[in-house]
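**Student:** PDB, C-alpha atoms, saved as structure-v1.pdb, coming up:
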MODEL        1
ATOM      1  CA  MET W   1     163.118 137.357 148.568
ATOM      2  CA  ARG W   2     159.983 137.507 150.758
ATOM      3  CA  ILE W   3     159.024 133.955 149.742
ATOM      4  CA  HIS W   4     162.476 132.629 150.594
ATOM      5  CA  SER W   5     162.338 134.334 154.023
ATOM      6  CA  ILE W   6     158.963 132.772 154.744
ATOM      7  CA  LEU W   7     160.145 129.326 153.729
ATOM      8  CA  LYS W   8     163.226 129.707 155.917
ATOM      9  CA  ASP W   9     161.071 130.424 158.984
ATOM     10  CA  LYS W  10     158.473 127.786 158.162
ATOM     11  CA  LEU W  11     159.983 125.046 160.329
ATOM     12  CA  LEU W  12     160.460 127.400 163.300
ATOM     13  CA  TRP W  13     156.819 128.546 163.252
ATOM     14  CA  ARG W  14     155.546 124.996 163.000
ATOM     15  CA  MET W  15     157.653 123.923 165.980
ATOM     16  CA  MET W  16     156.290 126.838 168.028
ATOM     17  CA  LEU W  17     152.755 125.904 167.026
ATOM     18  CA  ILE W  18     153.302 122.303 168.055
ATOM     19  CA  LEU W  19     154.726 123.387 171.413
ATOM     20  CA  ALA W  20     151.780 125.722 171.969
ATOM     21  CA  ILE W  21     149.291 122.988 171.135
ATOM     22  CA  VAL W  22     151.040 120.522 173.451
ATOM     23  CA  TYR W  23     151.072 123.138 176.212
ATOM     24  CA  HIS W  24     147.390 123.875 175.626
ATOM     25  CA  ILE W  25     146.521 120.185 175.840
ATOM     26  CA  GLY W  26     148.550 119.858 179.054
ATOM     27  CA  GLU W  27     146.821 122.865 180.530
ATOM     28  CA  THR W  28     143.448 121.471 179.616
ATOM     29  CA  SER W  29     144.267 118.116 181.228
ATOM     30  CA  ILE W  30     145.366 119.780 184.479
ATOM     31  CA  ARG W  31     142.440 122.181 184.473
ATOM     32  CA  PHE W  32     139.901 119.395 184.343
ATOM     33  CA  SER W  33     141.695 116.938 186.622
ATOM     34  CA  PRO W  34     139.505 116.160 189.678
ATOM     35  CA  PHE W  35     142.561 116.589 191.924
ATOM     36  CA  THR W  36     143.560 120.087 190.696
ATOM     37  CA  ARG W  37     140.257 121.758 189.806
ATOM     38  CA  THR W  38     140.145 123.887 192.971
ATOM     39  CA  ALA W  39     143.797 124.901 192.840
ATOM     40  CA  GLN W  40     143.508 125.775 189.167
ATOM     41  CA  SER W  41     140.514 128.018 189.788
ATOM     42  CA  GLN W  42     142.400 129.874 192.531
ATOM     43  CA  GLU W  43     145.480 130.268 190.319
ATOM     44  CA  GLN W  44     143.454 131.731 187.462
ATOM     45  CA  THR W  45     141.823 134.240 189.842
ATOM     46  CA  ALA W  46     145.239 135.328 191.039
ATOM     47  CA  LEU W  47     146.476 135.814 187.465
ATOM     48  CA  GLN W  48     143.545 137.886 186.212
ATOM     49  CA  PRO W  49     144.680 141.319 187.514
ATOM     50  CA  GLU W  50     148.132 140.869 185.972
ATOM     51  CA  ASN W  51     147.032 139.623 182.554
ATOM     52  CA  GLY W  52     143.898 141.619 181.907
ATOM     53  CA  MET W  53     140.271 140.754 181.409
ATOM     54  CA  GLY W  54     141.008 137.634 179.367
ATOM     55  CA  GLY W  55     142.906 136.062 182.227
ATOM     56  CA  ALA W  56     145.403 134.446 179.830
ATOM     57  CA  GLY W  57     149.154 134.514 180.155
ATOM     58  CA  LEU W  58     151.590 134.963 177.231
ATOM     59  CA  PHE W  59     151.862 131.235 176.606
ATOM     60  CA  ASP W  60     148.231 130.296 177.060
ATOM     61  CA  GLY W  61     147.652 127.798 174.251
ATOM     62  CA  GLY W  62     144.369 129.192 172.872
ATOM     63  CA  ASP W  63     145.450 132.816 172.561
ATOM     64  CA  PHE W  64     148.887 131.881 171.220
ATOM     65  CA  ILE W  65     147.319 129.808 168.436
ATOM     66  CA  ALA W  66     144.875 132.634 167.679
ATOM     67  CA  THR W  67     147.778 135.084 167.520
ATOM     68  CA  MET W  68     149.707 132.822 165.161
ATOM     69  CA  ALA W  69     146.660 132.336 162.935
ATOM     70  CA  SER W  70     146.173 136.108 162.822
ATOM     71  CA  PHE W  71     149.832 136.581 161.881
ATOM     72  CA  HIS W  72     149.586 134.100 159.002
ATOM     73  CA  ALA W  73     146.332 135.549 157.734
ATOM     74  CA  GLU W  74     147.658 139.113 157.668
ATOM     75  CA  GLU W  75     151.284 138.528 156.752
ATOM     76  CA  LEU W  76     151.407 135.412 154.600
ATOM     77  CA  LEU W  77     148.213 135.256 152.565
ATOM     78  CA  PRO W  78     149.085 138.223 150.289
ATOM     79  CA  GLU W  79     151.977 136.072 149.070
ATOM     80  CA  THR W  80     149.794 133.471 147.376
ATOM     81  CA  GLU W  81     152.551 131.064 146.429
ATOM     82  CA  ALA W  82     154.283 131.260 149.811
ATOM     83  CA  ALA W  83     150.985 130.800 151.650
ATOM     84  CA  ALA W  84     150.233 127.732 149.553
ATOM     85  CA  ILE W  85     153.620 126.199 150.404
ATOM     86  CA  LEU W  86     153.446 127.146 154.099
ATOM     87  CA  PHE W  87     150.022 125.625 154.648
ATOM     88  CA  ASP W  88     150.592 122.677 152.253
ATOM     89  CA  THR W  89     147.591 123.677 150.158
ATOM     90  CA  PRO W  90     147.665 123.921 146.344
ATOM     91  CA  ALA W  91     147.559 127.363 144.787
ATOM     92  CA  GLU W  92     144.409 128.283 142.893
ATOM     93  CA  PRO W  93     144.692 127.299 139.190
ATOM     94  CA  GLU W  94     144.995 130.203 136.793
ATOM     95  CA  ASP W  95     141.815 131.010 134.900
ATOM     96  CA  VAL W  96     142.882 130.868 131.250
ATOM     97  CA  SER W  97     139.430 131.673 129.851
ATOM     98  CA  GLN W  98     139.547 135.065 128.173
ATOM     99  CA  VAL W  99     137.808 137.114 125.505
ATOM    100  CA  LEU W 100     139.546 137.039 122.113
ATOM    101  CA  THR W 101     141.255 140.347 121.266
ATOM    102  CA  PHE W 102     143.771 141.384 118.594
ATOM    103  CA  SER W 103     146.715 143.631 117.955
ATOM    104  CA  PHE W 104     148.183 144.249 114.495
ATOM    105  CA  TYR W 105     151.618 143.881 112.941
ATOM    106  CA  SER W 106     153.015 145.096 109.617
ATOM    107  CA  LEU W 107     155.284 142.568 107.903
ATOM    108  CA  GLU W 108     158.871 143.618 107.379
ATOM    109  CA  SER W 109     161.623 142.318 105.130
ATOM    110  CA  GLY W 110     162.800 138.883 106.278
ATOM    111  CA  ASP W 111     159.733 138.149 108.397
ATOM    112  CA  ILE W 112     158.427 134.592 108.432
ATOM    113  CA  ILE W 113     155.301 133.310 110.152
ATOM    114  CA  GLY W 114     157.180 131.007 112.513
ATOM    115  CA  THR W 115     159.369 133.828 113.875
ATOM    116  CA  ILE W 116     156.489 136.283 114.234
ATOM    117  CA  ALA W 117     154.483 133.659 116.103
ATOM    118  CA  ALA W 118     157.375 132.843 118.449
ATOM    119  CA  ASN W 119     157.998 136.532 119.187
ATOM    120  CA  SER W 120     154.301 136.895 120.039
ATOM    121  CA  GLY W 121     154.303 133.870 122.343
ATOM    122  CA  LEU W 122     152.061 131.951 119.937
ATOM    123  CA  VAL W 123     152.284 128.903 117.679
ATOM    124  CA  GLU W 124     152.434 129.140 113.917
ATOM    125  CA  ASP W 125     149.000 127.523 113.472
ATOM    126  CA  THR W 126     147.326 130.422 115.275
ATOM    127  CA  LEU W 127     148.571 133.146 112.931
ATOM    128  CA  ILE W 128     147.872 131.025 109.855
ATOM    129  CA  SER W 129     144.268 130.394 110.895
ATOM    130  CA  VAL W 130     143.434 133.843 112.283
ATOM    131  CA  ASN W 131     144.735 135.547 109.138
ATOM    132  CA  ASN W 132     143.345 132.904 106.741
ATOM    133  CA  ILE W 133     146.772 132.425 105.163
ATOM    134  CA  ARG W 134     146.667 129.894 102.336
ATOM    135  CA  ASN W 135     150.342 130.105 101.342
ATOM    136  CA  THR W 136     152.969 131.511 103.695
ATOM    137  CA  ARG W 137     155.332 132.032 100.756
ATOM    138  CA  LEU W 138     153.056 134.684  99.287
ATOM    139  CA  LEU W 139     153.134 137.101 102.241
ATOM    140  CA  GLN W 140     154.112 140.647 101.284
ATOM    141  CA  ILE W 141     156.181 143.344 103.009
ATOM    142  CA  GLY W 142     153.796 145.857 104.586
ATOM    143  CA  GLN W 143     150.942 143.368 104.815
ATOM    144  CA  MET W 144     149.041 143.761 108.093
ATOM    145  CA  ILE W 145     148.364 140.615 110.091
ATOM    146  CA  LYS W 146     146.310 140.131 113.239
ATOM    147  CA  ILE W 147     148.025 138.959 116.423
ATOM    148  CA  PRO W 148     145.523 137.394 118.872
ATOM    149  CA  ASN W 149     145.959 137.395 122.651
ATOM    150  CA  GLN W 150     145.805 133.590 122.826
ATOM    151  CA  ASP W 151     146.578 130.472 120.812
ATOM    152  CA  GLY W 152     143.859 128.757 118.801
ATOM    153  CA  ILE W 153     142.278 128.347 115.380
ATOM    154  CA  TYR W 154     139.004 129.211 113.711
ATOM    155  CA  HIS W 155     136.531 126.414 113.056
ATOM    156  CA  THR W 156     133.353 126.425 110.964
ATOM    157  CA  VAL W 157     130.542 124.665 112.813
ATOM    158  CA  LYS W 158     129.201 121.564 111.060
ATOM    159  CA  ALA W 159     125.977 119.609 111.515
ATOM    160  CA  ASP W 160     125.585 117.896 114.907
ATOM    161  CA  GLU W 161     128.610 119.658 116.437
ATOM    162  CA  THR W 162     128.224 121.009 119.970
ATOM    163  CA  LEU W 163     130.415 122.977 122.356
ATOM    164  CA  GLU W 164     131.085 119.740 124.186
ATOM    165  CA  SER W 165     132.137 117.831 121.062
ATOM    166  CA  LEU W 166     134.335 120.714 119.865
ATOM    167  CA  ALA W 167     136.014 121.029 123.251
ATOM    168  CA  LEU W 168     136.675 117.292 123.313
ATOM    169  CA  ALA W 169     137.977 117.181 119.735
ATOM    170  CA  HIS W 170     140.385 120.083 120.269
ATOM    171  CA  LYS W 171     141.365 119.173 123.839
ATOM    172  CA  THR W 172     140.140 122.427 125.342
ATOM    173  CA  SER W 173     137.284 123.427 127.644
ATOM    174  CA  ILE W 174     133.759 124.645 127.004
ATOM    175  CA  SER W 175     134.340 127.645 129.271
ATOM    176  CA  ARG W 176     137.326 128.753 127.159
ATOM    177  CA  ILE W 177     135.307 128.534 123.944
ATOM    178  CA  ARG W 178     132.430 130.467 125.537
ATOM    179  CA  ALA W 179     134.740 133.187 126.840
ATOM    180  CA  ALA W 180     136.773 133.621 123.646
ATOM    181  CA  ASN W 181     133.665 133.975 121.477
ATOM    182  CA  GLU W 182     131.520 135.764 124.104
ATOM    183  CA  LEU W 183     128.791 133.178 123.743
ATOM    184  CA  PHE W 184     125.591 133.617 125.727
ATOM    185  CA  SER W 185     124.025 130.367 124.509
ATOM    186  CA  ASP W 186     125.251 126.820 123.987
ATOM    187  CA  THR W 187     123.208 126.514 120.783
ATOM    188  CA  LEU W 188     125.449 126.525 117.699
ATOM    189  CA  SER W 189     124.347 127.357 114.163
ATOM    190  CA  ILE W 190     125.778 125.457 111.202
ATOM    191  CA  GLY W 191     128.297 127.620 109.338
ATOM    192  CA  THR W 192     129.178 129.776 112.343
ATOM    193  CA  SER W 193     132.888 130.532 112.654
ATOM    194  CA  LEU W 194     134.168 129.894 116.189
ATOM    195  CA  PHE W 195     137.592 130.543 117.630
ATOM    196  CA  ILE W 196     138.766 127.384 119.411
ATOM    197  CA  PRO W 197     141.323 128.292 122.122
ATOM    198  CA  GLY W 198     144.281 125.925 122.059
ATOM    199  CA  GLY W 199     143.182 124.343 118.754
ATOM    200  CA  ARG W 200     145.720 123.197 116.166
ATOM    201  CA  LEU W 201     145.688 122.732 112.389
ATOM    202  CA  ASP W 202     145.787 119.305 110.829
ATOM    203  CA  TRP W 203     149.439 118.653 109.995
ATOM    204  CA  VAL W 204     148.639 118.108 106.315
ATOM    205  CA  ASN W 205     146.992 121.530 106.079
ATOM    206  CA  ARG W 206     149.939 123.116 107.851
ATOM    207  CA  GLN W 207     152.473 121.477 105.525
ATOM    208  CA  GLU W 208     150.375 122.430 102.523
ATOM    209  CA  ILE W 209     150.143 126.082 103.570
ATOM    210  CA  ASN W 210     153.870 126.246 104.314
ATOM    211  CA  GLY W 211     154.739 124.543 101.020
ATOM    212  CA  ASP W 212     156.414 121.607 102.737
ATOM    213  CA  LEU W 213     154.044 118.786 101.825
ATOM    214  CA  PHE W 214     156.172 117.072  99.149
ATOM    215  CA  ILE W 215     159.889 116.493  98.695
ATOM    216  CA  TRP W 216     161.490 116.880  95.278
ATOM    217  CA  PRO W 217     160.856 113.609  93.405
ATOM    218  CA  ALA W 218     164.145 113.914  91.513
ATOM    219  CA  ALA W 219     167.279 116.021  91.403
ATOM    220  CA  GLY W 220     167.445 118.368  88.414
ATOM    221  CA  ARG W 221     166.125 121.657  87.063
ATOM    222  CA  ILE W 222     162.588 122.645  86.131
ATOM    223  CA  SER W 223     162.551 122.707  82.336
ATOM    224  CA  SER W 224     158.829 123.398  82.037
ATOM    225  CA  PRO W 225     156.538 124.854  84.768
ATOM    226  CA  TYR W 226     152.898 124.180  85.617
ATOM    227  CA  GLY W 227     150.332 126.075  83.555
ATOM    228  CA  TYR W 228     149.832 127.185  79.979
ATOM    229  CA  ARG W 229     152.775 126.877  77.605
ATOM    230  CA  ARG W 230     153.639 126.239  73.980
ATOM    231  CA  SER W 231     153.868 122.474  73.531
ATOM    232  CA  PRO W 232     157.378 121.303  72.548
ATOM    233  CA  LEU W 233     155.775 118.554  70.422
ATOM    234  CA  THR W 234     153.035 120.441  68.550
ATOM    235  CA  GLY W 235     154.042 124.074  69.011
ATOM    236  CA  GLU W 236     150.480 124.903  70.086
ATOM    237  CA  ARG W 237     149.490 126.626  73.303
ATOM    238  CA  SER W 238     148.244 124.056  75.801
ATOM    239  CA  PHE W 239     147.906 123.494  79.508
ATOM    240  CA  HIS W 240     150.780 121.675  81.173
ATOM    241  CA  SER W 241     149.340 119.713  84.132
ATOM    242  CA  GLY W 242     152.605 119.293  86.060
ATOM    243  CA  ILE W 243     156.241 120.316  86.123
ATOM    244  CA  ASP W 244     159.081 118.812  84.102
ATOM    245  CA  ILE W 245     162.357 118.132  85.919
ATOM    246  CA  ALA W 246     165.270 117.587  83.527
ATOM    247  CA  ALA W 247     168.243 115.399  84.484
ATOM    248  CA  PRO W 248     170.389 112.633  82.947
ATOM    249  CA  LEU W 249     168.924 109.278  81.971
ATOM    250  CA  GLY W 250     168.737 106.919  84.964
ATOM    251  CA  THR W 251     168.486 109.640  87.622
ATOM    252  CA  PRO W 252     166.592 108.152  90.609
ATOM    253  CA  VAL W 253     162.901 109.043  90.853
ATOM    254  CA  ARG W 254     161.488 108.936  94.392
ATOM    255  CA  ALA W 255     158.051 109.065  96.005
ATOM    256  CA  ALA W 256     157.381 112.693  96.916
ATOM    257  CA  MET W 257     155.287 111.599  99.911
ATOM    258  CA  SER W 258     154.419 108.271 101.492
ATOM    259  CA  GLY W 259     151.460 106.425 100.003
ATOM    260  CA  ARG W 260     150.225 103.362  98.133
ATOM    261  CA  VAL W 261     150.969 102.631  94.473
ATOM    262  CA  ALA W 262     147.666 102.789  92.590
ATOM    263  CA  GLN W 263     148.816 102.311  88.977
ATOM    264  CA  VAL W 264     151.849 101.216  87.011
ATOM    265  CA  GLY W 265     151.655 101.289  83.224
ATOM    266  CA  PHE W 266     152.548 102.701  79.821
ATOM    267  CA  ASN W 267     150.807 104.966  77.319
ATOM    268  CA  ASP W 268     151.809 107.090  74.326
ATOM    269  CA  THR W 269     151.638 110.354  76.284
ATOM    270  CA  PHE W 270     153.333 109.505  79.597
ATOM    271  CA  GLY W 271     155.411 106.504  78.543
ATOM    272  CA  ASN W 272     156.252 104.391  81.585
ATOM    273  CA  PHE W 273     154.441 105.903  84.547
ATOM    274  CA  VAL W 274     153.597 105.345  88.224
ATOM    275  CA  VAL W 275     150.642 106.776  90.168
ATOM    276  CA  VAL W 276     150.734 106.922  93.979
ATOM    277  CA  ASN W 277     147.731 107.636  96.219
ATOM    278  CA  HIS W 278     148.356 109.681  99.378
ATOM    279  CA  HIS W 279     146.196 110.759 102.289
ATOM    280  CA  SER W 280     143.911 113.828 102.288
ATOM    281  CA  GLY W 281     142.877 113.348  98.661
ATOM    282  CA  TYR W 282     146.352 113.751  97.134
ATOM    283  CA  ARG W 283     147.667 111.695  94.228
ATOM    284  CA  THR W 284     150.970 112.003  92.341
ATOM    285  CA  LEU W 285     151.991 110.971  88.797
ATOM    286  CA  TYR W 286     155.575 110.161  87.723
ATOM    287  CA  ALA W 287     155.895 109.921  83.927
ATOM    288  CA  HIS W 288     158.407 109.231  81.116
ATOM    289  CA  LEU W 289     160.297 106.731  83.287
ATOM    290  CA  HIS W 290     163.047 104.641  81.785
ATOM    291  CA  THR W 291     162.559 101.929  84.415
ATOM    292  CA  VAL W 292     159.797 101.270  86.954
ATOM    293  CA  ARG W 293     160.985  99.941  90.323
ATOM    294  CA  THR W 294     157.714  99.354  92.148
ATOM    295  CA  ARG W 295     154.410  97.525  91.707
ATOM    296  CA  VAL W 296     150.689  98.144  92.182
ATOM    297  CA  GLY W 297     149.620  97.841  95.808
ATOM    298  CA  ALA W 298     153.066  98.539  97.234
ATOM    299  CA  ASN W 299     153.299 100.900 100.201
ATOM    300  CA  VAL W 300     156.071 103.391  99.559
ATOM    301  CA  ALA W 301     157.767 105.728 102.016
ATOM    302  CA  THR W 302     158.662 109.350 101.360
ATOM    303  CA  GLY W 303     161.894 109.349  99.366
ATOM    304  CA  GLU W 304     161.702 105.676  98.385
ATOM    305  CA  ARG W 305     163.002 104.990  94.867
ATOM    306  CA  ILE W 306     160.154 104.019  92.545
ATOM    307  CA  GLY W 307     161.847 104.376  89.152
ATOM    308  CA  ASP W 308     164.570 105.826  86.957
ATOM    309  CA  MET W 309     164.273 108.958  84.844
ATOM    310  CA  GLY W 310     163.876 108.417  81.099
ATOM    311  CA  SER W 311     162.361 109.772  77.890
ATOM    312  CA  THR W 312     159.560 107.317  77.074
ATOM    313  CA  GLY W 313     156.223 108.361  75.572
ATOM    314  CA  GLY W 314     155.726 111.902  74.300
ATOM    315  CA  SER W 315     159.107 113.277  75.294
ATOM    316  CA  THR W 316     161.899 115.243  73.660
ATOM    317  CA  GLY W 317     164.607 114.351  76.195
ATOM    318  CA  SER W 318     165.356 112.775  79.546
ATOM    319  CA  HIS W 319     163.122 114.282  82.210
ATOM    320  CA  LEU W 320     160.447 113.507  84.821
ATOM    321  CA  HIS W 321     156.939 114.806  84.355
ATOM    322  CA  PHE W 322     155.508 115.237  87.875
ATOM    323  CA  THR W 323     151.800 115.952  88.449
ATOM    324  CA  VAL W 324     149.960 116.487  91.745
ATOM    325  CA  TYR W 325     146.197 115.978  92.029
ATOM    326  CA  ARG W 326     144.043 117.138  94.939
ATOM    327  CA  ASN W 327     140.641 115.423  94.944
ATOM    328  CA  GLY W 328     141.026 114.705  91.233
ATOM    329  CA  VAL W 329     142.058 118.215  90.203
ATOM    330  CA  THR W 330     145.626 119.153  89.277
ATOM    331  CA  VAL W 331     147.416 121.740  91.424
ATOM    332  CA  ASN W 332     150.775 123.452  91.012
ATOM    333  CA  PRO W 333     153.332 121.013  92.517
ATOM    334  CA  ARG W 334     155.892 123.769  93.071
ATOM    335  CA  ALA W 335     153.663 125.502  95.632
ATOM    336  CA  LEU W 336     153.656 122.315  97.752
ATOM    337  CA  MET W 337     157.304 121.287  97.441
ATOM    338  CA  ARG W 338     160.017 122.025  99.941
ATOM    339  CA  ARG W 339     162.543 124.569  98.782
TER     340      ARG W 339
ENDMDL
END
Would you mind giving the structure from this file in structure tokens?

**Tutor:**
Amino acid sequence: MRIHSILKDKLLWRMMLILAIVYHIGETSIRFSPFTRTAQSQEQTALQPENGMGGAGLFDGGDFIATMASFHAEELLPETEAAAILFDTPAEPEDVSQVLTFSFYSLESGDIIGTIAANSGLVEDTLISVNNIRNTRLLQIGQMIKIPNQDGIYHTVKADETLESLALAHKTSISRIRAANELFSDTLSIGTSLFIPGGRLDWVNRQEINGDLFIWPAAGRISSPYGYRRSPLTGERSFHSGIDIAAPLGTPVRAAMSGRVAQVGFNDTFGNFVVVNHHSGYRTLYAHLHTVRTRVGANVATGERIGDMGSTGGSTGSHLHFTVYRNGVTVNPRALMRR
């Protein structure tokens, strides 16, 4: 309410100031006019006993302006925002540099990272990085997680990285990095873990951690999971490098993520197959296809049809064998697929 009152009176005060300044200028002109100098001197002498030692009347320009300035300094400046508006000067920018501190939270039933982050005034990336969460689906009730006092992520310093290059790469400031990590030197050691205020995860890492990197390549049910199993062909225990999704012959098979077709072929194990290269070292294999609907070198979008489900190669029925590789090593596709 105080700010509104000040704004309401702003125009009135400015008008009074302008009138005082005009009066002061007029007084000055008369005072120094060669025709009125003597009369002015006599008038001032006559006024001195009535107005005190200063010899200034109530509307003397200089004292009025001084009085107004004193009023603003004492009455308006405590209200920073109002003072900034009244004097047409920008308010001081908030200093967002602060030391990194933590509170702790125990996970409850139904908690998800996104909701906890929002309730804490943070982004999801911050909690994932600070707590080194590799799979948000594996969080447990009662698990304690750290809640930092600011957004950001941890970063491991690499060769030739500096505070300046890190600040530029993460769109933050050197002073914020210094403050958060309580750095007393700009020299960084390789392997040091730094908290980068305002930093964000690469979207691929975020999707991977949240299990949202790939869509389902086909509708159906998982008839065989990833990992060791007894082979349906030989009966022996062996490692199954992907998941099998069972569905009727001809069911559409789609690219689980956008990429470029690297291979199209046939062999006795996988039958008709397609391999698609993706970014960040990922590669996917679609096997036992009845029909292939793409070609080598084609760029495919997420969800684009690349074949039809079949039972070619080493297969006991219509299904899709789906394998995910990360840098040449198979990983469990189910952990990366949207629910």

**Student:** Take the PyMOL selection byres ((chain W and resi 170-174) around 9), run it mentally on this structure, and tell me the resulting residues as an mmCIF file with C-alpha atoms, in the frame of the given file.

**Tutor:**
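New file part.cif:
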data_model
loop_
_atom_site.group_PDB
_atom_site.id
_atom_site.type_symbol
_atom_site.label_atom_id
_atom_site.label_comp_id
_atom_site.auth_asym_id
_atom_site.auth_seq_id
_atom_site.Cartn_x
_atom_site.Cartn_y
_atom_site.Cartn_z
ATOM 1 C CA SER W 97 139.430 131.673 129.851
ATOM 2 C CA LEU W 163 130.415 122.977 122.356
ATOM 3 C CA GLU W 164 131.085 119.740 124.186
ATOM 4 C CA SER W 165 132.137 117.831 121.062
ATOM 5 C CA LEU W 166 134.335 120.714 119.865
ATOM 6 C CA ALA W 167 136.014 121.029 123.251
ATOM 7 C CA LEU W 168 136.675 117.292 123.313
ATOM 8 C CA ALA W 169 137.977 117.181 119.735
ATOM 9 C CA SER W 175 134.340 127.645 129.271
ATOM 10 C CA ARG W 176 137.326 128.753 127.159
ATOM 11 C CA ILE W 177 135.307 128.534 123.944
ATOM 12 C CA ARG W 178 132.430 130.467 125.537
ATOM 13 C CA ALA W 179 134.740 133.187 126.840
ATOM 14 C CA ILE W 196 138.766 127.384 119.411
ATOM 15 C CA PRO W 197 141.323 128.292 122.122
ATOM 16 C CA GLY W 198 144.281 125.925 122.059
ATOM 17 C CA GLY W 199 143.182 124.343 118.754
ATOM 18 C CA ARG W 200 145.720 123.197 116.166
#

**Student:** Enumerate, as a count of residues only, the residues matched when the PyMOL selection byres ((chain W and resi 229) around 7) is run on the file above.

**Tutor:** 8

**Student:** Calculated over all atoms listed in the file, which of the candidates W:Val324, W:Val130, W:Met309, W:Ile112 has the smallest distance to Pro248 of chain W?

**Tutor:**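 Answer, going by the shortest atom-to-atom distance: W:Met309.
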
**Student:** Residues at most 6 Å from Val253 of chain W, counting all atoms listed in the file, excluding those fewer than 3 positions away in the same chain, as a list in words?

**Tutor:** Pro217, Ala218, Arg305, Ile306, Gly307 and Asp308 of chain W

**Student:** Which is closer to Ser315 of chain W than all the others in W:Gly259, W:Gly265, W:Val329, W:Thr234, using only C-alpha atoms?

**Tutor:**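 With only C-alpha atoms as the atom set, the closest residue is W:Thr234.
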
**Student:** Work out how far atom CA of His321 of chain W is from atom CA of Ile245 of chain W, in Å to one decimal.

**Tutor:**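 Straight-line distance from atom CA of Ile245 of chain W to atom CA of His321 of chain W works out to 6.5 Å.
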
**Student:** With only C-alpha atoms as the atoms that count, which of W:Val123, W:Ile113, W:Ala180, W:Leu139 lies nearest to Phe195 of chain W?

**Tutor:**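 So, comparing all the options, the nearest one is W:Ala180.
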
**Student:** Which polymer residues, protein or nucleic acid, are no farther than 10 Å from (160.6, 117.2, 93.6), counting all atoms listed in the file, as a PyMOL selection string?

**Tutor:** chain W and resi 214-222+243-245+253-257+303+320+322+333-334+336-339
